[in-house]
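data.txt follows (compact mmCIF, C-alpha atoms):
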# COMPACT_ATOMS: atom_id res chain seq x y z
CA ALA A 1 13.42 56.33 -18.91
CA ARG A 2 10.63 54.02 -19.88
CA ASN A 3 9.78 53.93 -23.59
CA SER A 4 6.11 54.86 -24.01
CA ALA A 5 6.01 52.94 -27.28
CA PHE A 6 5.94 49.71 -25.32
CA ASP A 7 3.08 50.92 -23.11
CA SER A 8 0.73 50.90 -26.05
CA MET A 9 1.85 47.39 -26.97
CA LYS A 10 1.43 45.63 -23.62
CA ASP A 11 -2.36 45.66 -23.79
CA ALA A 12 -2.54 44.61 -27.42
CA ASP A 13 -4.27 41.30 -28.14
CA ALA A 14 -1.15 39.86 -29.76
CA MET A 15 0.92 40.69 -26.67
CA LYS A 16 -1.68 39.13 -24.38
CA THR A 17 -1.61 35.98 -26.50
CA LEU A 18 2.19 35.83 -26.24
CA ARG A 19 2.07 36.29 -22.47
CA GLU A 20 -0.55 33.55 -22.10
CA LYS A 21 1.52 31.19 -24.22
CA TYR A 22 5.03 31.79 -22.89
CA VAL A 23 4.96 33.61 -19.54
CA PRO A 24 4.54 31.46 -16.38
CA ASN A 25 1.10 31.90 -14.89
CA PHE A 26 -0.49 30.33 -11.85
CA GLN A 27 -3.57 28.16 -12.43
CA TRP A 28 -5.50 26.47 -9.65
CA GLY A 29 -6.30 23.45 -11.80
CA SER A 30 -2.67 22.86 -12.73
CA ALA A 31 -1.59 23.46 -9.14
CA THR A 32 -4.07 20.80 -8.02
CA TYR A 33 -2.55 18.31 -10.48
CA ILE A 34 0.92 19.06 -9.14
CA TYR A 35 -0.31 18.71 -5.56
CA ALA A 36 -1.83 15.30 -6.31
CA GLY A 37 1.38 14.24 -8.04
CA LEU A 38 3.51 15.22 -5.06
CA ILE A 39 1.23 13.21 -2.79
CA GLY A 40 1.77 10.30 -5.18
CA PHE A 41 5.55 10.60 -4.81
CA PHE A 42 5.15 10.66 -1.04
CA ILE A 43 2.99 7.51 -1.10
CA VAL A 44 5.56 5.70 -3.27
CA ALA A 45 8.27 6.56 -0.74
CA LEU A 46 5.98 5.41 2.06
CA PHE A 47 5.37 2.07 0.36
CA PHE A 48 9.06 1.23 0.21
CA ILE A 49 9.69 1.81 3.91
CA GLN A 50 6.85 -0.48 4.93
CA LYS A 51 7.89 -3.86 6.30
CA ARG A 52 6.40 -7.29 5.69
CA THR A 53 4.84 -6.58 2.33
CA ASP A 54 4.65 -8.42 -0.95
CA LYS A 55 7.59 -6.69 -2.63
CA ILE A 56 6.48 -7.62 -6.13
CA ALA A 57 2.93 -6.33 -5.72
CA ILE A 58 4.02 -3.16 -3.97
CA SER A 59 6.70 -2.47 -6.59
CA LEU A 60 4.16 -2.76 -9.41
CA LEU A 61 1.71 -0.46 -7.64
CA SER A 62 4.48 1.99 -6.75
CA ILE A 63 5.71 2.25 -10.34
CA PHE A 64 2.11 2.67 -11.49
CA ILE A 65 1.51 5.51 -9.01
CA PHE A 66 4.91 7.04 -9.82
CA ILE A 67 4.29 7.35 -13.57
CA HIS A 68 0.78 8.70 -12.92
CA SER A 69 2.20 11.31 -10.56
CA PHE A 70 5.08 12.08 -12.91
CA PHE A 71 2.63 12.63 -15.78
CA ILE A 72 0.19 14.91 -13.95
CA ILE A 73 3.04 17.01 -12.50
CA HIS A 74 4.53 17.30 -15.97
CA VAL A 75 1.19 18.40 -17.40
CA GLY A 76 0.65 20.86 -14.54
CA LEU A 77 4.02 22.51 -15.19
CA HIS A 78 3.35 22.55 -18.93
CA TRP A 79 -0.03 24.26 -18.58
CA MET A 80 1.56 26.96 -16.41
CA ASN A 81 4.23 27.49 -19.12
CA TYR A 82 7.16 26.36 -16.98
CA GLY A 83 8.29 23.97 -19.70
CA TYR A 84 9.93 26.89 -21.52
CA TYR A 85 12.03 27.64 -18.44
CA PHE A 86 12.93 23.99 -17.83
CA PRO A 87 13.40 22.60 -21.36
CA HIS A 88 14.67 19.25 -20.11
CA THR A 89 11.12 18.48 -19.02
CA TYR A 90 10.16 18.25 -22.70
CA ALA A 91 8.32 14.97 -23.40
CA MET A 92 9.78 13.53 -20.20
CA SER A 93 6.62 11.57 -19.32
CA THR A 94 5.87 10.37 -22.85
CA VAL A 95 8.21 7.39 -22.57
CA PHE A 96 5.92 5.88 -19.90
CA SER A 97 2.83 6.01 -22.12
CA PHE A 98 2.71 2.28 -22.83
CA LEU A 99 3.22 1.12 -19.22
CA TYR A 100 -0.19 2.00 -17.78
CA GLY A 101 -1.89 -1.17 -19.00
CA PRO A 102 0.83 -3.75 -18.22
CA LEU A 103 1.51 -2.41 -14.72
CA ILE A 104 -2.08 -2.51 -13.48
CA TYR A 105 -2.62 -5.87 -15.18
CA PHE A 106 0.37 -7.53 -13.53
CA TYR A 107 -0.33 -5.86 -10.18
CA PHE A 108 -3.84 -7.25 -10.26
CA LYS A 109 -2.63 -10.65 -11.44
CA ARG A 110 -0.19 -10.71 -8.54
CA ILE A 111 -2.67 -9.79 -5.80
CA LYS A 112 -5.36 -12.13 -7.17
CA THR A 113 -3.28 -15.20 -8.01
CA GLY A 114 0.15 -14.66 -6.45
CA TYR A 115 1.66 -14.73 -9.95
CA ASN A 116 5.46 -14.95 -10.16
CA PHE A 117 7.22 -13.25 -13.05
CA ARG A 118 8.96 -15.18 -15.81
CA TRP A 119 11.50 -14.02 -18.36
CA LYS A 120 8.92 -14.07 -21.14
CA ASP A 121 6.98 -11.36 -19.29
CA THR A 122 9.67 -8.87 -20.29
CA LEU A 123 8.11 -8.96 -23.76
CA HIS A 124 5.44 -6.67 -22.37
CA LEU A 125 8.13 -3.97 -22.12
CA LEU A 126 8.98 -4.04 -25.82
CA PRO A 127 6.55 -1.23 -26.81
CA THR A 128 8.04 0.99 -24.08
CA LEU A 129 11.57 0.10 -25.18
CA ALA A 130 10.71 1.01 -28.77
CA LEU A 131 9.25 4.34 -27.60
CA PHE A 132 12.36 5.09 -25.55
CA ILE A 133 14.65 4.34 -28.49
CA TYR A 134 12.54 6.64 -30.66
CA PHE A 135 12.73 9.54 -28.18
CA ALA A 136 16.34 8.97 -27.08
CA PRO A 137 17.80 11.37 -29.70
CA ILE A 138 15.51 14.08 -28.33
CA TYR A 139 16.24 13.36 -24.68
CA ILE A 140 20.00 13.78 -25.17
CA LEU A 141 19.65 17.24 -26.74
CA SER A 142 20.79 20.36 -24.91
CA GLU A 143 18.36 22.76 -23.23
CA SER A 144 18.58 25.26 -26.08
CA GLU A 145 17.94 22.57 -28.68
CA LYS A 146 14.88 21.32 -26.80
CA LEU A 147 13.63 24.90 -26.44
CA ASP A 148 13.99 25.34 -30.20
CA ILE A 149 11.79 22.26 -30.71
CA MET A 150 9.12 23.70 -28.40
CA LEU A 151 9.24 26.97 -30.32
CA GLY A 152 8.86 25.14 -33.62
CA VAL A 153 12.32 25.92 -34.99
CA GLY A 154 14.24 22.85 -33.80
CA ILE A 155 15.90 20.02 -35.67
CA TYR A 156 12.98 17.75 -34.73
CA GLU A 157 9.26 18.28 -35.10
CA ASP A 158 7.41 19.23 -31.91
CA ARG A 159 5.61 16.16 -30.49
CA PRO A 160 6.33 13.89 -33.47
CA TYR A 161 3.78 11.16 -34.13
CA GLY A 162 1.70 12.27 -31.17
CA LEU A 163 -1.53 10.91 -32.64
CA GLU A 164 0.05 7.56 -33.48
CA ILE A 165 1.53 7.21 -29.99
CA ALA A 166 -1.84 8.04 -28.45
CA PHE A 167 -3.45 5.40 -30.66
CA VAL A 168 -1.02 2.68 -29.55
CA LYS A 169 -1.55 3.72 -25.92
CA MET A 170 -5.32 3.45 -26.38
CA ILE A 171 -5.08 -0.03 -27.95
CA LEU A 172 -2.79 -1.27 -25.17
CA LEU A 173 -5.12 0.15 -22.53
CA ILE A 174 -8.09 -1.64 -24.08
CA ILE A 175 -6.23 -4.96 -24.32
CA TYR A 176 -4.79 -4.92 -20.80
CA THR A 177 -8.02 -3.62 -19.28
CA TYR A 178 -9.88 -6.52 -20.86
CA PHE A 179 -7.50 -9.05 -19.31
CA THR A 180 -7.57 -7.25 -15.96
CA VAL A 181 -11.37 -7.45 -15.85
CA ARG A 182 -11.14 -11.08 -16.91
CA ILE A 183 -8.84 -11.93 -14.00
CA PHE A 184 -11.12 -10.07 -11.61
CA LYS A 185 -14.16 -12.06 -12.69
CA LYS A 186 -12.35 -15.38 -12.83
CA HIS A 187 -10.76 -15.08 -9.41
CA ARG A 188 -13.49 -13.17 -7.64
CA ASN A 189 -13.41 -14.22 -4.01
CA THR A 190 -16.87 -15.10 -2.69
CA THR A 191 -15.75 -14.99 0.94
CA GLU A 192 -18.30 -13.13 3.02
CA ALA A 193 -16.08 -12.59 6.05
CA PRO A 194 -16.22 -8.91 7.10
CA GLU A 195 -12.42 -8.80 7.44
CA TYR A 196 -12.11 -9.31 3.70
CA LYS A 197 -14.50 -6.52 2.72
CA ASN A 198 -11.81 -3.84 2.38
CA VAL A 199 -9.78 -6.11 0.11
CA GLN A 200 -12.80 -6.81 -2.10
CA ASN A 201 -13.68 -3.11 -2.30
CA TRP A 202 -10.11 -2.16 -3.21
CA GLN A 203 -9.90 -4.74 -5.99
CA ARG A 204 -13.28 -3.73 -7.37
CA ASN A 205 -12.39 -0.04 -7.31
CA ILE A 206 -9.10 -0.39 -9.18
CA VAL A 207 -10.91 -2.37 -11.88
CA VAL A 208 -13.55 0.37 -12.13
CA PHE A 209 -10.81 3.00 -12.31
CA GLN A 210 -9.04 1.16 -15.11
CA VAL A 211 -12.23 0.72 -17.12
CA VAL A 212 -13.32 4.36 -16.74
CA PHE A 213 -9.86 5.68 -17.55
CA THR A 214 -9.66 3.50 -20.67
CA ILE A 215 -13.06 4.71 -21.88
CA VAL A 216 -12.22 8.37 -21.29
CA TYR A 217 -8.82 8.05 -22.96
CA SER A 218 -10.41 6.35 -25.97
CA LEU A 219 -12.90 9.21 -26.29
CA TYR A 220 -10.01 11.65 -25.96
CA TRP A 221 -8.18 9.95 -28.83
CA LEU A 222 -11.31 10.05 -31.01
CA THR A 223 -11.64 13.79 -30.43
CA LEU A 224 -7.98 14.20 -31.42
CA VAL A 225 -8.73 12.46 -34.70
CA PHE A 226 -11.96 14.24 -35.58
CA TYR A 227 -11.95 17.52 -33.63
CA TYR A 228 -8.26 18.16 -32.99
CA PHE A 229 -7.75 18.93 -29.25
CA ASN A 230 -10.55 18.65 -26.69
CA GLU A 231 -9.77 20.13 -23.29
CA PHE A 232 -12.75 18.44 -21.62
CA PHE A 233 -11.59 14.87 -22.22
CA PHE A 234 -7.95 15.83 -21.67
CA HIS A 235 -8.67 17.25 -18.24
CA THR A 236 -11.15 14.50 -17.43
CA GLN A 237 -8.41 11.90 -17.73
CA LEU A 238 -6.15 14.03 -15.55
CA ILE A 239 -8.89 14.33 -12.93
CA ILE A 240 -9.31 10.55 -12.98
CA LEU A 241 -5.55 10.01 -12.59
CA SER A 242 -5.34 12.56 -9.78
CA GLY A 243 -8.38 11.02 -8.11
CA PHE A 244 -6.81 7.58 -8.24
CA VAL A 245 -3.56 8.82 -6.71
CA LEU A 246 -5.50 10.50 -3.89
CA TYR A 247 -7.61 7.36 -3.42
CA VAL A 248 -4.48 5.25 -3.03
CA ALA A 249 -3.16 7.78 -0.52
CA TYR A 250 -6.42 7.51 1.42
CA MET A 251 -6.28 3.70 1.42
CA ALA A 252 -2.63 3.76 2.43
CA TYR A 253 -3.61 5.88 5.41
CA ILE A 254 -6.71 4.03 6.68
CA ASN A 255 -5.84 0.45 5.71
CA PRO A 256 -2.41 0.12 4.05
CA LYS A 257 -2.13 -3.65 4.25
CA THR A 258 -5.20 -4.03 2.05
CA LEU A 259 -3.27 -2.87 -1.01
CA MET A 260 0.24 -3.96 -0.07
CA GLY A 261 -0.07 -7.54 -1.17
CA TYR A 262 -0.60 -9.59 1.93
CA GLN A 263 -3.39 -10.44 4.32
CA LEU A 264 -3.69 -8.73 7.65
CA GLU A 265 -2.23 -10.73 10.50
CA ALA A 266 -5.48 -10.23 12.32
CA SER A 267 -7.61 -11.32 9.38
CA PHE A 268 -9.71 -14.30 10.36
CA SER A 269 -7.71 -14.64 13.61
CA LYS A 270 -10.94 -15.23 15.51
CA TYR A 271 -11.10 -18.60 13.83
CA LYS A 272 -7.64 -19.62 15.02
CA ASN A 273 -8.66 -20.71 18.47
CA SER A 274 -12.40 -21.24 18.15
CA GLY A 275 -12.28 -23.00 14.78
CA LEU A 276 -13.89 -21.97 11.47
CA THR A 277 -17.63 -21.47 11.29
CA ASP A 278 -19.40 -24.07 9.17
CA SER A 279 -20.48 -21.62 6.45
CA TYR A 280 -17.05 -20.03 6.19
CA SER A 281 -15.36 -23.42 6.12
CA VAL A 282 -17.53 -24.42 3.15
CA GLU A 283 -16.66 -21.14 1.39
CA LEU A 284 -12.95 -21.85 1.83
CA LYS A 285 -13.40 -25.38 0.54
CA LYS A 286 -15.02 -23.99 -2.63
CA GLU A 287 -12.16 -21.55 -3.11
CA ILE A 288 -9.56 -24.29 -2.68
CA LEU A 289 -11.38 -26.53 -5.17
CA LYS A 290 -11.55 -23.67 -7.66
CA LEU A 291 -7.80 -23.11 -7.37
CA LEU A 292 -7.06 -26.81 -7.75
CA GLU A 293 -9.51 -27.74 -10.50
CA ASN A 294 -9.84 -24.53 -12.52
CA ASP A 295 -6.52 -22.78 -11.97
CA LYS A 296 -4.48 -25.97 -11.42
CA ILE A 297 -2.49 -24.22 -8.73
CA TYR A 298 -0.74 -27.50 -7.87
CA ARG A 299 1.39 -27.12 -11.02
CA GLU A 300 3.36 -24.33 -9.33
CA ASN A 301 6.51 -25.97 -8.01
CA ASP A 302 6.97 -23.32 -5.32
CA LEU A 303 3.46 -23.74 -3.93
CA SER A 304 3.18 -23.90 -0.14
CA LEU A 305 0.42 -24.03 2.44
CA THR A 306 1.04 -20.36 3.19
CA ILE A 307 0.61 -19.36 -0.46
CA LEU A 308 -2.54 -21.45 -0.80
CA ALA A 309 -3.96 -19.89 2.38
CA GLU A 310 -3.26 -16.35 1.15
CA ARG A 311 -4.99 -17.00 -2.16
CA VAL A 312 -8.21 -18.13 -0.50
CA GLY A 313 -8.07 -15.34 2.06
CA THR A 314 -7.21 -17.13 5.28
CA ASN A 315 -4.17 -18.21 7.30
CA ARG A 316 -2.19 -21.46 7.42
CA HIS A 317 -4.23 -22.77 10.32
CA GLY A 318 -7.54 -22.13 8.56
CA ALA A 319 -6.43 -23.66 5.27
CA SER A 320 -5.02 -26.74 7.00
CA GLN A 321 -8.21 -27.19 9.00
CA VAL A 322 -10.40 -27.00 5.88
CA ILE A 323 -8.23 -29.52 4.02
CA ASN A 324 -8.34 -31.93 6.95
CA GLU A 325 -12.09 -31.65 7.50
CA HIS A 326 -13.35 -31.59 3.91
CA PHE A 327 -10.77 -33.69 2.07
CA GLY A 328 -9.61 -36.04 4.82
CA LEU A 329 -5.99 -35.35 3.87
CA ASN A 330 -3.16 -33.10 4.90
CA TYR A 331 -1.86 -30.34 2.62
CA PHE A 332 0.91 -32.38 0.96
CA GLU A 333 -1.35 -35.38 0.41
CA LEU A 334 -3.99 -33.21 -1.27
CA ILE A 335 -1.55 -31.44 -3.59
CA ASN A 336 0.26 -34.66 -4.52
CA GLN A 337 -3.08 -36.35 -5.21
CA TYR A 338 -3.92 -33.74 -7.84
CA ARG A 339 -0.40 -33.80 -9.27
CA ILE A 340 -0.33 -37.58 -9.62
CA ASN A 341 -3.84 -37.67 -11.10
CA GLU A 342 -2.78 -35.25 -13.82
CA ALA A 343 0.45 -37.17 -14.40
CA ILE A 344 -1.60 -40.33 -14.98
CA GLU A 345 -3.80 -38.51 -17.50
CA ILE A 346 -0.70 -37.27 -19.32
CA PHE A 347 0.80 -40.77 -19.42
CA LYS A 348 -2.43 -42.19 -20.83
CA ALA A 349 -2.75 -39.50 -23.48
CA ASP A 350 0.91 -39.65 -24.52
CA VAL A 351 0.63 -42.91 -26.45
CA HIS A 352 3.84 -42.29 -28.41
CA ARG A 353 5.87 -41.51 -25.27
CA GLU A 354 6.95 -38.08 -26.47
CA GLN A 355 7.36 -36.89 -22.88
CA SER A 356 9.85 -38.38 -20.46
CA ILE A 357 8.92 -39.18 -16.87
CA ILE A 358 10.88 -36.20 -15.55
CA ASP A 359 9.17 -33.88 -18.05
CA VAL A 360 5.79 -34.99 -16.76
CA ALA A 361 6.98 -34.57 -13.18
CA TYR A 362 7.97 -30.96 -13.85
CA THR A 363 4.72 -30.28 -15.71
CA VAL A 364 2.52 -31.29 -12.78
CA GLY A 365 4.55 -29.35 -10.20
CA PHE A 366 7.28 -31.62 -8.80
CA ASN A 367 10.82 -30.29 -8.48
CA ASN A 368 12.66 -33.57 -9.04
CA LYS A 369 12.16 -37.16 -10.15
CA VAL A 370 12.84 -38.70 -6.74
CA THR A 371 9.99 -36.83 -5.05
CA PHE A 372 7.70 -37.61 -7.98
CA ASN A 373 8.50 -41.34 -7.87
CA LYS A 374 7.94 -41.45 -4.11
CA ALA A 375 4.56 -39.69 -4.29
CA PHE A 376 3.51 -41.75 -7.31
CA LYS A 377 4.31 -45.04 -5.60
CA LYS A 378 2.51 -44.02 -2.42
CA ILE A 379 -0.71 -43.31 -4.32
CA MET A 380 -0.55 -45.90 -7.13
CA GLU A 381 1.48 -48.57 -5.30
CA CYS A 382 3.86 -48.76 -8.25
CA THR A 383 6.53 -46.58 -9.83
CA PRO A 384 5.85 -44.46 -12.92
CA THR A 385 7.94 -46.87 -15.01
CA GLN A 386 5.91 -49.85 -13.80
CA PHE A 387 2.69 -47.97 -14.48
CA LEU A 388 3.74 -47.22 -18.05
CA LYS A 389 4.38 -50.90 -18.65
CA THR A 390 0.79 -51.66 -17.67
CA LEU A 391 -0.35 -49.40 -20.51
CA ASN A 392 1.28 -51.80 -22.99
CA THR A 393 3.23 -49.00 -24.63
CA PRO A 394 7.01 -48.58 -24.86
CA VAL A 395 8.64 -46.63 -22.07

Once more with this new file: its structure as structure tokens, please.
Amino acid sequence: ARNSAFDSMKDADAMKTLREKYVPNFQWGSATYIYAGLIGFFIVALFFIQKRTDKIAISLLSIFIFIHSFFIIHVGLHWMNYGYYFPHTYAMSTVFSFLYGPLIYFYFKRIKTGYNFRWKDTLHLLPTLALFIYFAPIYILSESEKLDIMLGVGIYEDRPYGLEIAFVKMILLIIYTYFTVRIFKKHRNTTEAPEYKNVQNWQRNIVVFQVVFTIVYSLYWLTLVFYYFNEFFFHTQLIILSGFVLYVAYMAYINPKTLMGYQLEASFSKYKNSGLTDSYSVELKKEILKLLENDKIYRENDLSLTILAERVGTNRHGASQVINEHFGLNYFELINQYRINEAIEIFKADVHREQSIIDVAYTVGFNNKVTFNKAFKKIMECTPTQFLKTLNTPV
């Protein structure tokens, strides 16, 4: 028989509070977050089965979308009280907190400049590594031990140093957002070709997303400091993250190649047979000059005509045609001209001969001394050693 004593308790305010806090309950808002997160997982899977993509760019974007999706699903489950029934989900997304800034920064750097990673770039992972080491003792706990922490009776404090972690995340977001915006402005493509419009819109929109998210998260942190917890700013950042995931899904559906790190095969194809228009040819010339003179792209020892063409938003044929028409040279002659000119400036400035010839060759983009000597002699009609002797300084 049912005990009537409990009937009088079930409608008590204290019992309602307990049910709201610990019993799973469906919420449309949380369900929407989970839905957006699942779409994000699907998009990540879709990215990796696509062929002929820039693997580096797509990997960065995929990881970025994955941790966003992981976070909003985690929050959705938490707000519906499922964390108490799946204790191993405790703080499972916290370890990714410091990756938001670096991932979007390097993704943008890759799609704007074709940047290749170096070993020193792993230093950007140090904050995340430190956070993982800090949470590792918690992650290896059993389900019951994690549940005790959530109930406030565990061996560790619930959400230790949450405010400090949020502060570091905010600072990293501000720093990386600043450099992302800087890259966007510095490498803004002025090409007016309609085929490039989707690419321009995508790049602009991800910058806007990053800026807005950083501002909202900063306001959220300030409310944590001065007003404890503010649901408005907390959910606003989740709405922004969910919106971004859905936006990426939309772009992946209508124009996937725009965000996958390479130019459409059809982009600018109308110029292949008929030749570039005069105005567009001049635009490409300006972009090539900017890459050579401002970015010193010729220093990259793996540079090729294909890479140069991609960075100015055209194909090999278009880039080669512009170089021939506006510079009166072929691709290799143009690049070697800039490399040798800089090598000469280095030789002249290095009056004490602190750099060897091969060091200078590597600095300006050559892969070996033989190629450097050959290019140098073709342009200067003497070898680097002979040139140094004309400077009346010891070799």

Spatial neighbours of Lys169 (chain A), max dist 9 Å, all atoms listed in the file, sep filter under 4 positions, as an MDAnalysis selection string: chainID A and resid 97:101 164:165 173:174 217

Restrict the selected residues to C-alpha atoms and save them as a PDB file, in the coordinates of the input.
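Resulting contents of result.pdb:
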ATOM      1  CA  SER A  97       2.830   6.010 -22.120  1.00  0.00           C
ATOM      2  CA  PHE A  98       2.710   2.280 -22.830  1.00  0.00           C
ATOM      3  CA  LEU A  99       3.220   1.120 -19.220  1.00  0.00           C
ATOM      4  CA  TYR A 100      -0.190   2.000 -17.780  1.00  0.00           C
ATOM      5  CA  GLY A 101      -1.890  -1.170 -19.000  1.00  0.00           C
ATOM      6  CA  GLU A 164       0.050   7.560 -33.480  1.00  0.00           C
ATOM      7  CA  ILE A 165       1.530   7.210 -29.990  1.00  0.00           C
ATOM      8  CA  LEU A 173      -5.120   0.150 -22.530  1.00  0.00           C
ATOM      9  CA  ILE A 174      -8.090  -1.640 -24.080  1.00  0.00           C
ATOM     10  CA  TYR A 217      -8.820   8.050 -22.960  1.00  0.00           C
TER      11      TYR A 217
END

Within 12 Å of region 122-135 of chain A using only C-alpha atoms, minus same-chain residues under 4 positions, as a ChimeraX atom specification: /A:90-103,105-106,117-118,139-141,156-162,164-166,168-169,171-172,175-176

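From CA of Thr32 (chain A) back to CA of Ser242 (chain A), the distance works out to 8.5 Å.
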
Gly40 (chain A) environment, 12 Å, all atoms listed in the file, sequence neighbours closer than 6 positions dropped, as an NGL selection string: :A and (33-34 or 46-47 or 61-73 or 241-250 or 252)

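Nearest-residue note for Ala349 (chain A): choosing from A:Leu388, A:Pro137, A:Asn255, A:Asn330, the minimum distance belongs to A:Leu388, counting only C-alpha atoms.
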
Answer as a PyMOL selection string, residues within 10 Å of (-8.4, -22.8, -4.8) using only C-alpha atoms: chain A and resi 113+187+189+284-298+308-309+311-312

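Taking CA of His78 (chain A) as the reference point, CA of Ile239 (chain A) is found at 15.9 Å.
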
Distance of CA of Leu303 (chain A) from CA of Pro256 (chain A), expressed in Å to one decimal place: 25.8 Å

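Considering only C-alpha atoms, the residue among A:Asn301, A:Phe179, A:Thr390, A:Glu145 positioned nearest to Asn368 (chain A) is A:Asn301.
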